[in-house]
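Report on the following structure.
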Amino acid sequence: MSDHKVTVEPPTASIRSDPFASPESSRPSSVRSPANSSIYESSAPRTPNETTTFSHAITSLPAATGQSTALLKPKAARMRSHMLPDDKPMPKPWNDAPNPRASFAYYLTYFVIMLGLAGGAVQCWWNYTHVLLDKQPLCMVLEENFDSEESVFGENGTFFREVNMDGFGNGEFEMATASSNNSYVQDGMLYIVPTLTSDSIGNAAVFDGTVYNISGCTFNITRPNNGFIDIGNGQSVFDTEGYVRSCSAVSNSTLGTIINPVQSARITTRNSAKIRFGRVEIRAKMPTGDWLWPAIWMLPTDNVYGPWPLSGEIDIVESRGNGIRYTAHGSNYVQGSLNWGPAQNLNGVSKSYSWWTDRRKSFADDFHTYVLEWTPDFLRMSVDTRLHTLLDFKFDQPFFKRGDFPEVISNGSSLVPLQNPWINGTNATPFDQDFFLILNVAVGSTNGWFPESQGNKPWLDRSSSPPRDFANAINQWYPTWPSKAADRALVVDYVKMWKHC
């Protein structure tokens, strides 16, 4: 077998030229020849011995079989970066000695994070284990699903319709009627609907020349002592002035008096259900319409500690029918509160109220469940869940102390020491007596529920005739009342009441 020699030709000029240069470029080649490569040492012809030696060095080339063999192009050298200065050493921070302050800051960050997580876990555990719950057994007092109007409003029915025109102490503009136009049961729901008085007696009669006597006035039933006032020495007189104010109205354009421009309803469980400590649950949908004031609340059955607010008031939920853009808490807010005070002109409600908001959604858009939990130790009002608390109130100190009331008050003619009407009670007094439930939709008021200069309010609370100013602005507010009764009504799905067994 004969030996075959592979002759390797010297590299051509194309290998030595700059691969990035154009053919016409005069730029010098950027390819550097390896220092130890014998291939590029000289362009002179090689001797046969040199050729033979080089042929054995190239082990990757196959034996000569008549096929052409090409030389692999060498890898170009790495280009230098012009961003690194030649006269300065390249920084290598990973080789530097650790900075104690940097290490401390690093570990401190993670320590604070872990501390926050641990603190949050402890707080969650503490709140979960210490939440106040009513652990007393409950006995149902009332369950009304509104299946029949007769069982609701009939004789011995669940709810009693109050009939009154005096504004209920708040300067409200509506009259409460017993009409089925204003309160009725339909399709398993209770509806309390405000309507215009002008729809029944005409607009002219509302403003002038009419004496309106409301039928079925309940003044003698709903007022303490059946409307009689104690004048001392064991004597009492009938409150004739209060009776006339509650049961009739006169419209006179000269005097500026009008007949209540709106008719609505106020219904109670006065004759059917009452509780002292327990639970109340109502599923309801609030009404829509400017200056509507829906409320689900409770009053004491016997006023054990005296007239309002001495015996207290429990407002499970109140709202306003004004839209969500109303600047004084519109229909996307619901509020719970307690009214209490040692005198009729002193009310501590500012220390016992709170609210929940749905931000951008009205409580008139859907049904919600409103709950009262009431024990000798606390009272809680919530909507849909305990997490949505309207008011969470602990009976942890006497109300007289909590109120921070003045030491003396005026009795109309002189200053007298303020007496504590709950001195012999507990921390829960006056909320330790029987209360009954009330559902109503009021319209307007002069007690500040609708603050002045909010939402283009069309009346001033201290004007000579706020109801007349309200009625004159009917073209402003009535278009906001939906024509469909179900949308401008307080709609109730069910009512349940329990007491401590």
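Just remember, in the structure tokens the first chain shown is A, the second B, etc., residues are 1-based per chain, and ligands are 1-based in the order shown.
Residues of range 180-306 of chain A that DSSP, applied to the backbone, places in alpha helix (DSSP H): Ser198, Asp199, Ser200, Ile201, Asn203, Ala204, Ala205, Val206, Phe207, Phe219, Asn220, Ile221, Thr222, Thr240, Glu241, Gly242, Tyr243, Val244, Arg245, Ser246 and Cys247 of chain A.
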Same residues, all heavy atoms, output as a compact mmCIF listing (two decimals), in the first residue's frame:
```txt
# COMPACT_ATOMS: atom_id res chain seq x y z
N SER A 198 -101.31 64.92 46.64
CA SER A 198 -102.09 65.55 45.57
C SER A 198 -102.77 64.53 44.68
O SER A 198 -103.76 64.85 44.01
CB SER A 198 -101.18 66.45 44.72
OG SER A 198 -100.10 65.70 44.17
N ASP A 199 -102.28 63.29 44.66
CA ASP A 199 -102.94 62.25 43.86
C ASP A 199 -104.33 61.92 44.40
O ASP A 199 -105.18 61.42 43.65
CB ASP A 199 -102.09 60.98 43.84
CG ASP A 199 -100.80 61.15 43.04
OD1 ASP A 199 -100.71 62.12 42.26
OD2 ASP A 199 -99.88 60.32 43.21
N SER A 200 -104.55 62.18 45.70
CA SER A 200 -105.85 61.84 46.29
C SER A 200 -106.73 63.05 46.56
O SER A 200 -107.96 62.93 46.52
CB SER A 200 -105.64 61.06 47.60
OG SER A 200 -104.89 61.81 48.52
N ILE A 201 -106.14 64.23 46.83
CA ILE A 201 -106.98 65.40 47.15
C ILE A 201 -106.77 66.56 46.18
O ILE A 201 -107.45 67.58 46.28
CB ILE A 201 -106.73 65.89 48.59
CG1 ILE A 201 -105.32 66.44 48.76
CG2 ILE A 201 -107.00 64.77 49.58
CD1 ILE A 201 -105.07 67.10 50.11
N ASN A 203 -103.73 69.02 43.88
CA ASN A 203 -102.59 69.87 44.25
C ASN A 203 -103.03 71.16 44.91
O ASN A 203 -102.39 71.64 45.86
CB ASN A 203 -101.76 70.18 43.00
CG ASN A 203 -100.43 70.83 43.34
OD1 ASN A 203 -99.58 70.23 43.99
ND2 ASN A 203 -100.26 72.07 42.89
N ALA A 204 -104.13 71.75 44.46
CA ALA A 204 -104.59 73.02 45.03
C ALA A 204 -104.96 72.86 46.49
O ALA A 204 -104.68 73.74 47.33
CB ALA A 204 -105.79 73.55 44.23
N ALA A 205 -105.57 71.74 46.85
CA ALA A 205 -105.98 71.51 48.23
C ALA A 205 -104.77 71.37 49.15
O ALA A 205 -104.87 71.70 50.35
CB ALA A 205 -106.86 70.27 48.31
N VAL A 206 -103.68 70.91 48.62
CA VAL A 206 -102.49 70.75 49.45
C VAL A 206 -101.99 72.11 49.93
O VAL A 206 -101.53 72.24 51.08
CB VAL A 206 -101.38 70.02 48.66
CG1 VAL A 206 -100.05 70.04 49.43
CG2 VAL A 206 -101.78 68.58 48.37
N PHE A 207 -102.14 73.16 49.10
CA PHE A 207 -101.54 74.46 49.41
C PHE A 207 -102.52 75.48 50.00
O PHE A 207 -102.08 76.42 50.65
CB PHE A 207 -100.93 75.06 48.13
CG PHE A 207 -99.66 74.36 47.70
CD1 PHE A 207 -99.70 73.31 46.81
CD2 PHE A 207 -98.43 74.77 48.21
CE1 PHE A 207 -98.53 72.67 46.41
CE2 PHE A 207 -97.26 74.13 47.83
CZ PHE A 207 -97.31 73.07 46.92
N PHE A 219 -103.26 58.36 67.51
CA PHE A 219 -102.64 59.15 68.57
C PHE A 219 -102.94 58.56 69.95
O PHE A 219 -102.05 58.44 70.79
CB PHE A 219 -103.13 60.59 68.50
CG PHE A 219 -102.64 61.47 69.61
CD1 PHE A 219 -101.41 62.11 69.53
CD2 PHE A 219 -103.43 61.68 70.75
CE1 PHE A 219 -100.97 62.93 70.57
CE2 PHE A 219 -102.99 62.48 71.78
CZ PHE A 219 -101.75 63.11 71.69
N ASN A 220 -104.19 58.19 70.21
CA ASN A 220 -104.58 57.69 71.53
C ASN A 220 -103.91 56.35 71.86
O ASN A 220 -103.83 55.97 73.02
CB ASN A 220 -106.10 57.50 71.60
CG ASN A 220 -106.84 58.80 71.39
OD1 ASN A 220 -106.43 59.64 70.62
ND2 ASN A 220 -107.97 58.96 72.07
N ILE A 221 -103.45 55.64 70.83
CA ILE A 221 -102.87 54.32 71.05
C ILE A 221 -101.35 54.39 71.19
O ILE A 221 -100.76 53.73 72.05
CB ILE A 221 -103.25 53.37 69.89
CG1 ILE A 221 -104.76 53.25 69.78
CG2 ILE A 221 -102.60 52.00 70.06
CD1 ILE A 221 -105.22 52.47 68.55
N THR A 222 -100.76 55.20 70.36
CA THR A 222 -99.30 55.20 70.29
C THR A 222 -98.64 56.14 71.29
O THR A 222 -97.45 55.96 71.60
CB THR A 222 -98.84 55.58 68.87
OG1 THR A 222 -99.38 56.87 68.53
CG2 THR A 222 -99.33 54.56 67.86
N THR A 240 -104.67 67.79 74.01
CA THR A 240 -105.51 68.18 72.87
C THR A 240 -104.69 68.77 71.74
O THR A 240 -104.93 68.48 70.55
CB THR A 240 -106.57 69.20 73.32
OG1 THR A 240 -107.33 68.66 74.40
CG2 THR A 240 -107.51 69.56 72.17
N GLU A 241 -103.75 69.61 72.08
CA GLU A 241 -102.91 70.22 71.05
C GLU A 241 -102.14 69.15 70.27
O GLU A 241 -102.04 69.21 69.03
CB GLU A 241 -101.93 71.21 71.70
CG GLU A 241 -101.04 71.93 70.70
CD GLU A 241 -100.08 72.89 71.38
OE1 GLU A 241 -100.24 73.13 72.59
OE2 GLU A 241 -99.17 73.39 70.68
N GLY A 242 -101.60 68.17 70.99
CA GLY A 242 -100.88 67.09 70.32
C GLY A 242 -101.80 66.25 69.44
O GLY A 242 -101.39 65.81 68.36
N TYR A 243 -103.03 66.06 69.90
CA TYR A 243 -103.99 65.28 69.12
C TYR A 243 -104.32 65.98 67.80
O TYR A 243 -104.33 65.35 66.73
CB TYR A 243 -105.27 65.07 69.93
CG TYR A 243 -106.37 64.37 69.16
CD1 TYR A 243 -106.38 62.98 69.06
CD2 TYR A 243 -107.37 65.10 68.53
CE1 TYR A 243 -107.37 62.34 68.34
CE2 TYR A 243 -108.38 64.46 67.82
CZ TYR A 243 -108.37 63.08 67.72
OH TYR A 243 -109.34 62.45 67.00
N VAL A 244 -104.58 67.27 67.86
CA VAL A 244 -104.91 68.03 66.64
C VAL A 244 -103.73 68.02 65.67
O VAL A 244 -103.90 67.84 64.46
CB VAL A 244 -105.30 69.48 67.00
CG1 VAL A 244 -105.46 70.33 65.74
CG2 VAL A 244 -106.58 69.50 67.81
N ARG A 245 -102.53 68.18 66.20
CA ARG A 245 -101.34 68.20 65.36
C ARG A 245 -101.11 66.84 64.70
O ARG A 245 -100.60 66.76 63.57
CB ARG A 245 -100.13 68.60 66.20
CG ARG A 245 -98.92 68.99 65.42
CD ARG A 245 -97.87 69.65 66.30
NE ARG A 245 -97.53 68.84 67.45
CZ ARG A 245 -97.80 69.17 68.71
NH1 ARG A 245 -98.44 70.30 68.96
NH2 ARG A 245 -97.47 68.38 69.73
N SER A 246 -101.47 65.77 65.38
CA SER A 246 -101.23 64.42 64.87
C SER A 246 -102.29 63.95 63.90
O SER A 246 -102.02 63.10 63.05
CB SER A 246 -101.17 63.43 66.05
OG SER A 246 -100.10 63.72 66.91
N CYS A 247 -103.50 64.47 64.03
CA CYS A 247 -104.63 63.90 63.29
C CYS A 247 -105.24 64.82 62.24
O CYS A 247 -106.18 64.40 61.54
CB CYS A 247 -105.71 63.47 64.27
SG CYS A 247 -105.13 62.28 65.51
```
Skip Glu144 in chain A itself and residues of its chain fewer than 3 positions away, then list as an MDAnalysis selection string all residues within 12 Å of it, counting only C-alpha atoms. chainID A and resid 140:141 147:149 151:153 157:159 185 188:190 269 272:273 280:283 492:497
Just the strand (DSSP E) stuff from range 196-424 of chain A, please, per backbone DSSP, written as an MDAnalysis selection string. chainID A and resid 196 210:213 228:232 235:238 248:251 262:264 266:268 274:275 278:285 292:300 313:318 333:339 353:357 368:374 378:383 385:394 408:410 415:417
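For the choices A:Val262, A:Ala77, A:Ile267, A:Ala102, the atom-to-atom distance to Ala295 in chain A is smallest for A:Ile267 when using only C-alpha atoms.
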Shell around range 451-459 of chain A at 8 Å using only C-alpha atoms, local window under 2 positions removed, as an MDAnalysis selection string: chainID A and resid 326:328 448:449 461 463 466:467 469:470 473
Those selected residues, please, written with N, CA, C and O atoms and delivered as a CSV table (one decimal), in the first residue's frame.
```csv
chain,number,residue,atom,x,y,z
A,326,TYR,N,-74.7,61.8,46.0
A,326,TYR,CA,-75.1,62.7,47.1
A,326,TYR,C,-73.9,62.8,48.1
A,326,TYR,O,-73.4,61.8,48.6
A,327,THR,N,-73.6,64.0,48.5
A,327,THR,CA,-72.4,64.3,49.3
A,327,THR,C,-72.5,64.0,50.8
A,327,THR,O,-71.6,64.2,51.5
A,328,ALA,N,-73.7,63.7,51.2
A,328,ALA,CA,-73.9,63.5,52.7
A,328,ALA,C,-74.4,62.0,52.9
A,328,ALA,O,-75.3,61.8,53.6
A,448,GLY,N,-81.9,67.6,60.8
A,448,GLY,CA,-80.5,67.5,60.4
A,448,GLY,C,-80.1,66.2,59.7
A,448,GLY,O,-79.0,66.0,59.3
A,449,TRP,N,-81.1,65.3,59.5
A,449,TRP,CA,-80.7,64.0,58.8
A,449,TRP,C,-80.3,64.3,57.4
A,449,TRP,O,-79.4,63.7,56.8
A,461,ASP,N,-84.0,74.0,57.2
A,461,ASP,CA,-84.6,73.4,58.4
A,461,ASP,C,-85.3,74.4,59.3
A,461,ASP,O,-86.3,74.2,59.9
A,463,SER,N,-86.5,77.4,58.2
A,463,SER,CA,-87.3,78.4,57.5
A,463,SER,C,-88.7,78.4,58.1
A,463,SER,O,-89.1,77.6,58.9
A,466,PRO,N,-90.8,74.7,56.1
A,466,PRO,CA,-90.0,73.8,55.3
A,466,PRO,C,-90.9,72.8,54.4
A,466,PRO,O,-90.5,72.6,53.2
A,467,PRO,N,-92.0,72.3,54.9
A,467,PRO,CA,-92.8,71.5,54.0
A,467,PRO,C,-93.3,72.2,52.8
A,467,PRO,O,-93.4,71.6,51.7
A,469,ASP,N,-91.8,74.7,51.3
A,469,ASP,CA,-90.6,74.9,50.4
A,469,ASP,C,-90.3,73.5,49.6
A,469,ASP,O,-90.0,73.5,48.4
A,470,PHE,N,-90.5,72.4,50.4
A,470,PHE,CA,-90.2,71.1,49.8
A,470,PHE,C,-91.3,70.9,48.7
A,470,PHE,O,-91.0,70.4,47.6
A,473,ALA,N,-90.9,72.6,45.4
A,473,ALA,CA,-89.8,72.1,44.5
A,473,ALA,C,-90.0,70.7,44.0
A,473,ALA,O,-89.1,70.0,43.6
```
Counting only C-alpha atoms, give me one row per residue of range 74-170 of chain A with an atom at most 9 Å from an atom of range 376-400 of chain A, showing the shortest contact pair and its distance in Å to one decimal, sorted by chain then residue number, as CSV.
```
residue,atom,partner,partner_atom,distance
A:Leu132,CA,A:Phe378,CA,7.6
A:Leu133,CA,A:Phe378,CA,8.8
A:Asp134,CA,A:Phe378,CA,8.8
```
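Using only C-alpha atoms, the smallest distance between any of A:Arg402, A:Gln335, A:Arg468, A:Val112 and Ser251 in chain A comes from A:Arg468.
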Pairwise distance for CA of Met286 in chain A and CA of Ala178 in chain A, rounded to one decimal in Å: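 These atoms are spaced 20.7 Å apart.
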Pick the closest to Val317 in chain A from A:Phe431, A:Phe363, A:Tyr110, A:Tyr305: which is it, counting only C-alpha atoms? A:Phe363
Test item: residues at most 8 Å from Asn322 in chain A, only C-alpha atoms, excluding those fewer than 3 positions along its chain, as a PyMOL selection string: chain A and resi 288-292+325-326+330-331
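In this structure, CA of Ala265 in chain A sits 7.6 Å away from CA of Met175 in chain A.
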For Ala442 in chain A, the closest of A:Met83, A:Ala121, A:Ala249, A:Ile296 counting only C-alpha atoms is A:Ile296
